[in-house]
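See structure below.
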Amino acid sequence: MPPTRAPSSRRLPRGRRLRTGVVLPLAVLAAGCFQYRAHPPNVAPATEVQGEVVWSFAWGLAQEQPNIANCNDQALAEVTVQDNLAFSLLTVVTLGIVSPKRIEWKCAVAPACEGELRPDSTTVPLP
Amino acid sequence: MTAPPLAVLRDTGRNRWANWHENFEQRLHKLYDVWNAEPNRSTLAGYNGTTRRLQQLLQEALDTGRSVRALGGGWSFTPVAATDGILLNTRPLNYRFPIAGDQVHPGFRGTGPLFFVQCGMSIAELNTYLASKNLALPTSGASNGQTIAGALSTGTHGAALTVGSIPEYVVALHVITGPGRSVWLERQSYPAVADALAGYVQADLVRDDELFDAAVVAFGSMGIIHGVVLEVTPLFRLNAWRKRVPLDDALWGRIERNDYAGNTLPGAGGRMPHHLQFVINPFDQGGGAFCTVMYREATCPAGSKPAEPFAKVAQGDGALELIGLLTDVAGDLTDDLAKLLTKLGYKEYDNRCGTPGQIFKDTTTRGHAASAAMGVPLDRAREATALAVRAVQQAKAPALVALRFVKASPATLAFTRYAPVTCVLEVDGPESARVRQAYRAAWNALDAAGIPYTFHWGKLNNLDRTSVRFANRYGSAVQHWMDARARLLPTPELRRLFANAFTDHLDLSD
């Protein structure tokens, strides 16, 4: 295919400039959410994401813990920490006395050992 | 004598589910995580206990008139796997059983070792497990998060010119077809395991080419695929390059003839490509397309570098949403943001080498993505590509156009159906109004040009009950597939049990 370049204008029309200048920052602010993820490579998640907002009080003197009860005794595959404008503002306004964050996680699959596809004499056939 | 330990169904408490790429949300009655009773140890008793528990659930669903679908990695961009009834998260189901020599069918014509694995095993897990035995999957998609049954059911493909898509190396299926029955399904022409194994999993043995070819790509609508037998291959390495190359007349000639003898692709040195992909930035073609080419080797050549190392800075989870938002508001930013997309996702490299699991790693694309993929015959690929590029340019959509080449599949509804090799023309970008506009324009242009094409079942499309039956799409294959489905699910109630809005929309439910 011969190389082509799409038509492009560097000088935006006035309406567009207004939209870009006003709407864009508002839209970005509305969508703004910082996210940090920790996950080891090649570990498959077993579950959908679960999460909750946890609060830290008095500069870390007390803190909430997420209640992870859905993993069927397996490890975590992934943990995500989310911050947003409201959380950040609250932390700044209260001078760190309260600081919320959203924690999300996915459980890991079980590290299943391989088995033998042979009948087990202790198991009865299905009815 | 004890009863088989039943699987644990954990109610997630959700009544909504979103796919991995977050481009749609499905309302539902229940979403259960399904765990084997003994998740850390693969046992036949545990496997059968999971079958039994799923059958109990199917009975409950029949009694209450709800549909049931098994969910894999959730990577599809369409609600092909979803239901408003009961969704079963099968990802925790990862038992694995090597098929011993005395368990292989005496008429097995293959060469690779066989493994029976449970539906939820991910490509990442399979890569790690098989590599520990000096073995590998013959091919996979470009990432590793799909489950084997999910990737199979939508005909997921990589870019292996001579291997094809995932259904190519699946040689048996264990399908739960209702509360009282499950079926061990193989091709008559390619028997895989000894007859006794079907009895071990308390299934009816069926060897039938038409049924198998229909069930292997059925997007969950022929029952719950609980286990599959894979024919794998000795571990190999992929020696990989990514460079910008001009998609000129000479290269298009090779693509159209499917002839790579004496090619001058990056790193070729007389070798035939195993994996070949081109990515075009419609807003910056001066430097050529990004060509990713990999050569299959038994060991890594001297002087090659390890697969791409860990990247400290990667594309942010919100990057695609932000790009979609910015370009919807101000299309003039598209040029620059499309370049940013290529910078983030398509860094050039040379002479890297690793096992398939080291090369095709965790995906870095998260959040609010869109993707459409069309299967096109090789002799129309150039024309189709030009139309897709133009559609993206005119919509000022922040999207990239990719070409991959996949050996045609015999599966009845495989979208890689154009022999000998189907060109998979993909348009990927953020989920945004401009990208959707580009899709519509590209599909209209392909239709207007009379180019035959199919759609990837797990990606965005405009199929409806009429167009799916077009002769240049699936034609009479649709009826063959429905006949096969009626044989596996002989009552209207069973067919309804595994139907969903996707199959209703395409008039494939009954």
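Every chain in the structure tokens takes a letter, A first, then B, and so on in the order presented; its residues are numbered from 1, and the ligands are numbered from 1 following the presented order.
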
Pull out every residue of chain B sitting within 6 Å of chain A, counting only C-alpha atoms, and send them as a list in words. Met1, Thr2, Ala3, Pro4, Pro39, Asn40, Arg41, Ser42, Thr43, Leu44, Arg91, Pro92, Arg96, Phe97, Ala124, Tyr200, Leu247, Asp248, Phe283, Gln285, Gly286 and Gln393 of chain B

Next, dump the selected residues to file, keeping only N, CA, C and O atoms, as a PDB file, in the first residue's frame.
ATOM      1  N   MET B   1     -16.446 -46.901  49.851  1.00  0.00           N
ATOM      2  CA  MET B   1     -16.974 -46.179  48.688  1.00  0.00           C
ATOM      3  C   MET B   1     -17.592 -44.851  49.126  1.00  0.00           C
ATOM      4  O   MET B   1     -18.461 -44.829  49.986  1.00  0.00           O
ATOM      5  N   THR B   2     -17.156 -43.771  48.533  1.00  0.00           N
ATOM      6  CA  THR B   2     -17.716 -42.457  48.866  1.00  0.00           C
ATOM      7  C   THR B   2     -18.189 -41.773  47.599  1.00  0.00           C
ATOM      8  O   THR B   2     -17.726 -42.093  46.503  1.00  0.00           O
ATOM      9  N   ALA B   3     -19.116 -40.840  47.767  1.00  0.00           N
ATOM     10  CA  ALA B   3     -19.597 -40.087  46.606  1.00  0.00           C
ATOM     11  C   ALA B   3     -18.524 -39.112  46.157  1.00  0.00           C
ATOM     12  O   ALA B   3     -17.678 -38.708  46.954  1.00  0.00           O
ATOM     13  N   PRO B   4     -18.519 -38.740  44.867  1.00  0.00           N
ATOM     14  CA  PRO B   4     -17.515 -37.770  44.416  1.00  0.00           C
ATOM     15  C   PRO B   4     -17.686 -36.444  45.142  1.00  0.00           C
ATOM     16  O   PRO B   4     -18.816 -36.007  45.378  1.00  0.00           O
ATOM     17  N   PRO B  39      -9.102 -28.166  45.162  1.00  0.00           N
ATOM     18  CA  PRO B  39      -8.524 -27.355  44.083  1.00  0.00           C
ATOM     19  C   PRO B  39      -7.020 -27.552  43.886  1.00  0.00           C
ATOM     20  O   PRO B  39      -6.502 -27.264  42.812  1.00  0.00           O
ATOM     21  N   ASN B  40      -6.325 -28.060  44.908  1.00  0.00           N
ATOM     22  CA  ASN B  40      -4.861 -28.154  44.796  1.00  0.00           C
ATOM     23  C   ASN B  40      -4.376 -29.474  44.195  1.00  0.00           C
ATOM     24  O   ASN B  40      -3.178 -29.641  44.016  1.00  0.00           O
ATOM     25  N   ARG B  41      -5.263 -30.398  43.939  1.00  0.00           N
ATOM     26  CA  ARG B  41      -4.849 -31.735  43.508  1.00  0.00           C
ATOM     27  C   ARG B  41      -5.802 -32.202  42.423  1.00  0.00           C
ATOM     28  O   ARG B  41      -7.017 -32.275  42.656  1.00  0.00           O
ATOM     29  N   SER B  42      -5.277 -32.499  41.240  1.00  0.00           N
ATOM     30  CA  SER B  42      -6.142 -32.954  40.148  1.00  0.00           C
ATOM     31  C   SER B  42      -6.515 -34.412  40.385  1.00  0.00           C
ATOM     32  O   SER B  42      -5.641 -35.281  40.409  1.00  0.00           O
ATOM     33  N   THR B  43      -7.791 -34.674  40.577  1.00  0.00           N
ATOM     34  CA  THR B  43      -8.241 -36.049  40.770  1.00  0.00           C
ATOM     35  C   THR B  43      -9.449 -36.302  39.875  1.00  0.00           C
ATOM     36  O   THR B  43     -10.249 -35.392  39.610  1.00  0.00           O
ATOM     37  N   LEU B  44      -9.558 -37.532  39.456  1.00  0.00           N
ATOM     38  CA  LEU B  44     -10.715 -37.904  38.651  1.00  0.00           C
ATOM     39  C   LEU B  44     -11.995 -37.738  39.462  1.00  0.00           C
ATOM     40  O   LEU B  44     -13.017 -37.274  38.948  1.00  0.00           O
ATOM     41  N   ARG B  91     -12.837 -19.996  35.680  1.00  0.00           N
ATOM     42  CA  ARG B  91     -11.378 -19.819  35.738  1.00  0.00           C
ATOM     43  C   ARG B  91     -10.711 -20.604  36.869  1.00  0.00           C
ATOM     44  O   ARG B  91      -9.554 -21.001  36.721  1.00  0.00           O
ATOM     45  N   PRO B  92     -11.409 -20.858  38.022  1.00  0.00           N
ATOM     46  CA  PRO B  92     -10.717 -21.666  39.039  1.00  0.00           C
ATOM     47  C   PRO B  92     -10.555 -23.140  38.660  1.00  0.00           C
ATOM     48  O   PRO B  92      -9.877 -23.873  39.372  1.00  0.00           O
ATOM     49  N   ARG B  96      -5.325 -30.817  35.605  1.00  0.00           N
ATOM     50  CA  ARG B  96      -4.568 -31.252  34.419  1.00  0.00           C
ATOM     51  C   ARG B  96      -4.158 -32.711  34.563  1.00  0.00           C
ATOM     52  O   ARG B  96      -3.728 -33.126  35.664  1.00  0.00           O
ATOM     53  N   PHE B  97      -4.311 -33.476  33.498  1.00  0.00           N
ATOM     54  CA  PHE B  97      -4.014 -34.903  33.500  1.00  0.00           C
ATOM     55  C   PHE B  97      -3.250 -35.261  32.218  1.00  0.00           C
ATOM     56  O   PHE B  97      -3.818 -35.134  31.123  1.00  0.00           O
ATOM     57  N   ALA B 124      -1.687 -18.857  30.072  1.00  0.00           N
ATOM     58  CA  ALA B 124      -0.480 -18.626  30.875  1.00  0.00           C
ATOM     59  C   ALA B 124      -0.122 -19.864  31.691  1.00  0.00           C
ATOM     60  O   ALA B 124       1.037 -20.289  31.737  1.00  0.00           O
ATOM     61  N   TYR B 200     -14.593 -43.101  32.281  1.00  0.00           N
ATOM     62  CA  TYR B 200     -14.002 -42.575  33.518  1.00  0.00           C
ATOM     63  C   TYR B 200     -14.657 -41.249  33.925  1.00  0.00           C
ATOM     64  O   TYR B 200     -14.800 -40.966  35.112  1.00  0.00           O
ATOM     65  N   LEU B 247       5.056  -1.738   3.266  1.00  0.00           N
ATOM     66  CA  LEU B 247       4.115  -2.729   2.707  1.00  0.00           C
ATOM     67  C   LEU B 247       3.993  -2.416   1.219  1.00  0.00           C
ATOM     68  O   LEU B 247       3.015  -1.824   0.773  1.00  0.00           O
ATOM     69  N   ASP B 248       5.013  -2.824   0.441  1.00  0.00           N
ATOM     70  CA  ASP B 248       5.071  -2.452  -0.971  1.00  0.00           C
ATOM     71  C   ASP B 248       4.523  -3.571  -1.857  1.00  0.00           C
ATOM     72  O   ASP B 248       4.068  -4.612  -1.373  1.00  0.00           O
ATOM     73  N   PHE B 283      -2.238   7.135  10.446  1.00  0.00           N
ATOM     74  CA  PHE B 283      -1.856   8.549  10.448  1.00  0.00           C
ATOM     75  C   PHE B 283      -0.340   8.738  10.301  1.00  0.00           C
ATOM     76  O   PHE B 283       0.154   9.840  10.404  1.00  0.00           O
ATOM     77  N   GLN B 285       2.233   6.533   7.946  1.00  0.00           N
ATOM     78  CA  GLN B 285       2.653   5.350   7.197  1.00  0.00           C
ATOM     79  C   GLN B 285       3.984   5.547   6.483  1.00  0.00           C
ATOM     80  O   GLN B 285       4.467   4.642   5.812  1.00  0.00           O
ATOM     81  N   GLY B 286       4.536   6.726   6.638  1.00  0.00           N
ATOM     82  CA  GLY B 286       5.782   7.038   5.930  1.00  0.00           C
ATOM     83  C   GLY B 286       6.900   6.056   6.241  1.00  0.00           C
ATOM     84  O   GLY B 286       7.672   5.673   5.361  1.00  0.00           O
ATOM     85  N   GLN B 393      -8.887   6.869   8.960  1.00  0.00           N
ATOM     86  CA  GLN B 393      -8.440   8.246   8.694  1.00  0.00           C
ATOM     87  C   GLN B 393      -9.625   9.202   8.642  1.00  0.00           C
ATOM     88  O   GLN B 393      -9.605  10.275   9.250  1.00  0.00           O
TER      89      GLN B 393
END

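Residues in contact with B:Val229 at 8 Å, where only C-alpha atoms are counted and same-chain residues fewer than 2 positions away are skipped, are listed as Leu114, Phe115, Phe116, Val117, Val170, Val171, Ala172, Leu173, Gly227 and Glu231 of chain B.
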
Output C-alpha atoms for every residue in that selection, as a short mmCIF file (atom, residue, chain, number, x, y, z; two decimals), in the first residue's frame.
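Output contents, as saved in part01.cif:
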data_model
loop_
_atom_site.label_atom_id
_atom_site.label_comp_id
_atom_site.auth_asym_id
_atom_site.auth_seq_id
_atom_site.Cartn_x
_atom_site.Cartn_y
_atom_site.Cartn_z
CA LEU B 114 -1.90 -35.57 24.79
CA PHE B 115 -3.13 -33.75 27.91
CA PHE B 116 -6.62 -33.59 29.36
CA VAL B 117 -7.12 -30.21 31.02
CA VAL B 170 -7.95 -29.69 20.47
CA VAL B 171 -8.64 -33.36 19.74
CA ALA B 172 -11.40 -34.19 22.25
CA LEU B 173 -14.06 -32.32 24.22
CA GLY B 227 -12.50 -30.50 29.72
CA GLU B 231 -2.28 -32.39 21.29
#

From a backbone DSSP assignment, name each residue in stretch 80-187 of chain B labelled helix (DSSP H, G or I), as a ChimeraX atom specification. /B:80-81,101-103,123-131,148-153,166-169

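Straight-line separation from atom CA of B:Leu62 to atom CA of B:Asn89: 18.9 Å.
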
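Here atom CA of B:Ala196 is placed at a distance of 8.0 Å from atom CA of B:Gln103.
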
For B:Asp204, which residue out of B:Gly180, B:Gly13, B:Gly253, B:Gly375 is the nearest one, using only C-alpha atoms? B:Gly180
